[in-house]
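*Asks:* First, the structure itself, so that you have it in front of you.
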Amino acid sequence: MTLTFHWFLPTNGDSRDVVGGGHGTPATATGRDRPPTVAYLAQIARAAEDLGFVAALTPTGAWCEDAWLTTAMVSRHTERLKFLVAFRPGFLSPTLAAQMATTFQRQSGGRLLLNVVTGGESHEQRAYGDFLDKDDRYRRTGEFLTVVRRLWKGETVDLDGDHLRVADARLARVPDPVPEVYFGGSSPLAGQIAARHADVYLTWGEPPAQVAEKIARLRRLAAREGRTLRFGIRLHVITRDTAAQAWAEADRLLAGFDQDTVRAVQRGLARSESEGQRRMVALHGGSRDALEIHPNLWAGIGLVRGGAGTALVGSHTEVADRVEEYHALGIDEFVLSGYPHLEEAYWFGEGVLPLLARRGRWHHPAGDQVPFAS
């Protein structure tokens with residue numbers, strides 16, 4: 001199978017240093033270096049489109065700009081690039097979400113993908129008026145996706161669930177195409193919801209052995225539902241012409257982590273109810289030592305950033321090798337990012353994608369072109 005690569009829109013701001021934030025922690029001051037204006041985000045989006053990335057992920061939460069509004073504006077500056085819009089089911093009705101997705105598809109030419117984020121931080125959820133506990137939030141997500149999926153089929157929906165109620169719900173138009181649903185979560189209940197409703201299961205960048213275990217578990221759960229899933233992974237990247245150059249950049253980023261900031265971020269992440277976040281923190285334990293947790297897999301980002309906290313670091317060849325290692329486990333989609341996002345898109349697009357194209361693992365989605373190949 002041909003690999004699919006997505007990039008990231010830093011709607012919490014960008015910098016030549018790591019911008020922290022997420023999972024209940026605020027964006028760090030570095031996010032003010034390059035504010036998330038439509039003009040700057042459009043630069044990143046156009047670069048990603050030209051280089052051959054299929055879509056751009058936008059985050060959700062109090063630490064960043066709203067994903068729906070931002071991507072709707074940025075989409076006007078691109079032609080092919082899709083937008084993997086993260087949203088939380090507890091913040092809007094399923095009927096409205098289904099309608100919004102339909103409108104986005106029609107107005108963008110079918111360029112919407114949906115990243116369903118249940119929310120692992122009760123204190124942040126409560127700020128938005130959501131007082132359910134974590135397990136009930138997942139159960140509500142299941143009811144939410146049941147309604148949305150049926151509406152997208154053109155059905156009239158009545159549901160009297162434990163958390164959601166709709167009566168005589170119907171869409172005037174159904175989306176064409178139906179947006180694919182991306183879903184992540186490491187808890188047992190998250191796995192059940194993903195198996196029933198997701199098209200693509202996303203994991204953060206854990207070492208290959210842990211990723212293999214997740215994939216095997218989700219495949220078993222999906223099989224019980226009579227379904228199959230595709231799998232994706234969320235990673236940062238630091239790729240350079242030589243390994244020494246790449247690790248020098250990782251060391252530069254690490255040197256910029258103020259120890260007070262690291263402590264504050266780790267205290268905030270310790271409150272997280274997310275199993276995935278707990279697993280990310282366990283990879284570094286709050287320490288700057290032994291951060292290469294697998295060849296070319298660096299856990300340093302997670303010292304100051306919630307959510308995805310690992311990066312592939314190395315020469316273009318080494319990073320391409322690690323991509324193939326994850327692909328051999330069953331990963332077909334890679335959601336990538338790097339600081340700053342404009343420049344790192346070019347490092348990966350010019351350095352790694354042509355290598356993967358020559359290996360027969362990737363082709364440019366716009367046609368038979370390999371950008372910047374030598």
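If you're wondering about the labels, chains in the structure tokens are A, B, ... by order shown, residues count from 1 in each chain, ligands from 1 in order shown.
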Which residues of stretch 260-290 of chain A come within 10 Å of stretch 4-21 of chain A, and what is each one's closest atom pair and distance in Å (one decimal), counting only C-alpha atoms, sorted by chain and residue number, as a tab-separated table?

*Replies:*
residue	atom	partner	partner_atom	distance
A:Thr261	CA	A:Gly20	CA	9.2
A:Val262	CA	A:Gly20	CA	9.6
A:Val265	CA	A:Gly21	CA	8.0
A:Gly268	CA	A:Gly21	CA	9.8
A:Leu269	CA	A:Gly21	CA	9.8

*Asks:* Which residues in stretch 31-241 of chain A does DSSP call helix (DSSP H, G or I)? List them as a ChimeraX atom specification.

*Replies:* /A:31-32,38-51,67-77,89-91,94-108,122-127,134-152,188-197,208-224

*Asks:* Using only C-alpha atoms, determine which residues lie at most 7 Å from stretch 135-148 of chain A, disregarding the query and same-chain residues fewer than 3 positions distant; provide the list as a ChimeraX atom specification.

*Replies:* /A:89,94-95,98,118,132,151-152,157,161,163-164,189-190,193,197

*Asks:* For a test of reading the model, state the distance in Å between atom CA of A:Glu333 and atom CA of A:Gly232, rounded to one decimal.

*Replies:* 4.3 Å

*Asks:* Give the strand (DSSP E) residues of stretch 11-257 of chain A, as DSSP finds them on the backbone, and put them as a PyMOL selection string.

*Replies:* chain A and resi 55-58+82-87+112-116+157-160+165-169+181-184+200-204+230-240

*Asks:* Keeping only N, CA and C atoms, write the selected residues to a file as a tab-separated table (two decimals), in the first residue's frame.

*Replies:*
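Ended up saving to selection.tsv:
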chain	number	residue	atom	x	y	z
A	55	ALA	N	-3.19	15.95	3.82
A	55	ALA	CA	-4.05	16.75	4.68
A	55	ALA	C	-3.21	17.43	5.75
A	56	ALA	N	-3.86	18.38	6.45
A	56	ALA	CA	-3.22	19.07	7.57
A	56	ALA	C	-4.12	18.94	8.79
A	57	LEU	N	-3.54	18.44	9.88
A	57	LEU	CA	-4.27	18.31	11.14
A	57	LEU	C	-4.30	19.65	11.86
A	58	THR	N	-5.45	19.99	12.42
A	58	THR	CA	-5.55	21.14	13.31
A	58	THR	C	-5.98	20.65	14.68
A	82	LYS	N	-6.39	18.56	2.06
A	82	LYS	CA	-7.53	18.30	2.94
A	82	LYS	C	-7.20	18.79	4.35
A	83	PHE	N	-8.24	18.86	5.18
A	83	PHE	CA	-8.06	19.36	6.53
A	83	PHE	C	-8.63	18.35	7.52
A	84	LEU	N	-7.74	17.86	8.39
A	84	LEU	CA	-8.10	16.90	9.41
A	84	LEU	C	-8.48	17.70	10.65
A	85	VAL	N	-9.76	18.01	10.77
A	85	VAL	CA	-10.26	18.94	11.78
A	85	VAL	C	-10.54	18.19	13.07
A	86	ALA	N	-9.82	18.56	14.13
A	86	ALA	CA	-10.06	17.96	15.45
A	86	ALA	C	-11.23	18.67	16.12
A	87	PHE	N	-12.12	17.89	16.71
A	87	PHE	CA	-13.24	18.49	17.44
A	87	PHE	C	-13.68	17.55	18.54
A	112	LEU	N	-12.62	17.61	3.68
A	112	LEU	CA	-12.70	17.49	5.13
A	112	LEU	C	-12.46	16.06	5.60
A	113	LEU	N	-11.62	15.92	6.62
A	113	LEU	CA	-11.47	14.71	7.40
A	113	LEU	C	-11.73	15.11	8.85
A	114	LEU	N	-12.20	14.19	9.67
A	114	LEU	CA	-12.57	14.53	11.04
A	114	LEU	C	-11.74	13.73	12.05
A	115	ASN	N	-11.14	14.44	12.98
A	115	ASN	CA	-10.39	13.82	14.07
A	115	ASN	C	-11.22	13.99	15.35
A	116	VAL	N	-11.85	12.91	15.78
A	116	VAL	CA	-12.73	12.96	16.95
A	116	VAL	C	-11.88	12.85	18.21
A	157	VAL	N	-33.21	10.17	12.12
A	157	VAL	CA	-32.67	9.55	13.33
A	157	VAL	C	-33.44	9.99	14.55
A	158	ASP	N	-33.84	9.02	15.35
A	158	ASP	CA	-34.35	9.23	16.71
A	158	ASP	C	-33.45	8.46	17.64
A	159	LEU	N	-32.96	9.12	18.67
A	159	LEU	CA	-32.11	8.45	19.64
A	159	LEU	C	-32.44	8.97	21.04
A	160	ASP	N	-32.70	8.07	21.94
A	160	ASP	CA	-32.89	8.41	23.35
A	160	ASP	C	-31.83	7.66	24.12
A	165	ARG	N	-29.94	12.95	23.14
A	165	ARG	CA	-31.29	12.71	22.64
A	165	ARG	C	-31.50	13.56	21.39
A	166	VAL	N	-31.96	12.94	20.33
A	166	VAL	CA	-32.39	13.66	19.13
A	166	VAL	C	-33.69	13.05	18.67
A	167	ALA	N	-34.52	13.87	18.07
A	167	ALA	CA	-35.82	13.41	17.57
A	167	ALA	C	-36.03	13.93	16.16
A	168	ASP	N	-36.36	13.02	15.25
A	168	ASP	CA	-36.67	13.39	13.87
A	168	ASP	C	-35.54	14.19	13.22
A	169	ALA	N	-34.31	13.76	13.50
A	169	ALA	CA	-33.15	14.46	12.95
A	169	ALA	C	-32.89	13.99	11.53
A	181	VAL	N	-13.41	9.32	9.47
A	181	VAL	CA	-13.30	9.60	10.89
A	181	VAL	C	-12.00	9.02	11.43
A	182	TYR	N	-11.17	9.89	11.99
A	182	TYR	CA	-9.93	9.50	12.64
A	182	TYR	C	-10.17	9.56	14.15
A	183	PHE	N	-9.63	8.59	14.87
A	183	PHE	CA	-9.95	8.47	16.29
A	183	PHE	C	-8.75	7.89	17.02
A	184	GLY	N	-8.43	8.47	18.18
A	184	GLY	CA	-7.35	7.94	19.00
A	184	GLY	C	-7.80	7.75	20.43
A	200	VAL	N	-9.93	5.39	10.67
A	200	VAL	CA	-8.49	5.34	10.92
A	200	VAL	C	-8.26	5.49	12.42
A	201	TYR	N	-7.53	4.54	13.00
A	201	TYR	CA	-7.14	4.64	14.41
A	201	TYR	C	-5.76	5.29	14.47
A	202	LEU	N	-5.66	6.37	15.25
A	202	LEU	CA	-4.41	7.10	15.39
A	202	LEU	C	-3.77	6.80	16.74
A	203	THR	N	-2.46	6.56	16.71
A	203	THR	CA	-1.70	6.43	17.94
A	203	THR	C	-0.61	7.49	17.96
A	204	TRP	N	-0.21	7.92	19.14
A	204	TRP	CA	0.96	8.76	19.24
A	204	TRP	C	2.21	7.91	19.03
A	230	ARG	N	-7.94	1.18	9.36
A	230	ARG	CA	-6.60	1.59	8.95
A	230	ARG	C	-5.92	2.23	10.16
A	231	PHE	N	-4.59	2.34	10.08
A	231	PHE	CA	-3.85	2.83	11.24
A	231	PHE	C	-2.91	3.96	10.85
A	232	GLY	N	-2.85	4.95	11.72
A	232	GLY	CA	-1.97	6.09	11.53
A	232	GLY	C	-1.20	6.40	12.79
A	233	ILE	N	-0.15	7.19	12.66
A	233	ILE	CA	0.69	7.55	13.79
A	233	ILE	C	1.00	9.04	13.75
A	234	ARG	N	1.04	9.66	14.91
A	234	ARG	CA	1.28	11.09	15.06
A	234	ARG	C	2.68	11.29	15.64
A	235	LEU	N	3.55	11.96	14.86
A	235	LEU	CA	4.95	12.14	15.23
A	235	LEU	C	5.43	13.52	14.83
A	236	HIS	N	6.45	14.01	15.53
A	236	HIS	CA	7.23	15.14	15.05
A	236	HIS	C	8.41	14.59	14.25
A	237	VAL	N	9.05	15.45	13.48
A	237	VAL	CA	10.22	15.01	12.71
A	237	VAL	C	11.31	16.08	12.77
A	238	ILE	N	12.54	15.59	12.85
A	238	ILE	CA	13.74	16.42	12.69
A	238	ILE	C	14.64	15.65	11.75
A	239	THR	N	14.61	15.97	10.48
A	239	THR	CA	15.36	15.21	9.48
A	239	THR	C	16.30	16.16	8.75
A	240	ARG	N	17.54	15.73	8.58
A	240	ARG	CA	18.57	16.56	7.96
A	240	ARG	C	19.41	15.71	7.02

*Asks:* Leaving out A:Gln43 and any residue of its chain fewer than 5 positions from it, which residues lie within 10 Å of it when counting only C-alpha atoms, given as a PyMOL selection string?

*Replies:* chain A and resi 37-38+48-49+74+77-78+341-342

*Asks:* Using only C-alpha atoms, find the one residue out of A:Leu51, A:Leu81, A:His123, A:Leu229 that sits nearest to A:Trp347.

*Replies:*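 Answer, going by the shortest atom-to-atom distance: A:Leu51.
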
*Asks:* Residues near A:Glu249, anyone? I mean within 12 Å using only C-alpha atoms, not counting same-chain ones fewer than 5 positions away, as JSON, numbers by chain.

*Replies:* {"A": [16, 17, 18, 237, 238, 239, 240, 241, 242, 243, 244, 254, 255, 256, 298, 300, 311, 313, 314, 315, 338, 339, 340, 344]}

*Asks:* Take the residues from that selection and put them in a file with C-alpha atoms, as a PDB file, in the first residue's frame.

*Replies:*
ATOM      1  CA  ARG A  16      12.088  27.901  15.875  1.00  0.00           C
ATOM      2  CA  ASP A  17      11.769  26.501  19.396  1.00  0.00           C
ATOM      3  CA  VAL A  18       9.177  24.010  20.654  1.00  0.00           C
ATOM      4  CA  VAL A 237      10.216  15.015  12.708  1.00  0.00           C
ATOM      5  CA  ILE A 238      13.740  16.421  12.692  1.00  0.00           C
ATOM      6  CA  THR A 239      15.357  15.212   9.478  1.00  0.00           C
ATOM      7  CA  ARG A 240      18.568  16.556   7.960  1.00  0.00           C
ATOM      8  CA  ASP A 241      21.181  15.645   5.361  1.00  0.00           C
ATOM      9  CA  THR A 242      23.246  13.908   8.061  1.00  0.00           C
ATOM     10  CA  ALA A 243      22.387  12.321  11.394  1.00  0.00           C
ATOM     11  CA  ALA A 244      24.820  14.657  13.158  1.00  0.00           C
ATOM     12  CA  LEU A 254      16.430  20.641  24.303  1.00  0.00           C
ATOM     13  CA  ALA A 255      18.839  23.365  25.440  1.00  0.00           C
ATOM     14  CA  GLY A 256      16.014  25.872  25.024  1.00  0.00           C
ATOM     15  CA  TRP A 298      13.340  10.979  20.595  1.00  0.00           C
ATOM     16  CA  GLY A 300      12.308  15.234  24.204  1.00  0.00           C
ATOM     17  CA  ALA A 311      10.061  12.878  17.144  1.00  0.00           C
ATOM     18  CA  VAL A 313      15.376  12.295  14.440  1.00  0.00           C
ATOM     19  CA  GLY A 314      18.096  11.409  11.972  1.00  0.00           C
ATOM     20  CA  SER A 315      19.343  11.590   8.432  1.00  0.00           C
ATOM     21  CA  GLY A 338       8.183  19.989  13.283  1.00  0.00           C
ATOM     22  CA  TYR A 339       9.472  23.323  14.548  1.00  0.00           C
ATOM     23  CA  PRO A 340       9.090  25.592  12.740  1.00  0.00           C
ATOM     24  CA  GLU A 344      10.394  21.381   8.622  1.00  0.00           C
TER      25      GLU A 344
END

*Asks:* Measuring between only C-alpha atoms, which one of A:Gly154, A:Gly129, A:His23, A:Phe53 shows the shortest distance to A:Met280?

*Replies:*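 Nearest candidate to A:Met280 out of A:Gly154, A:Gly129, A:His23, A:Phe53: A:His23.
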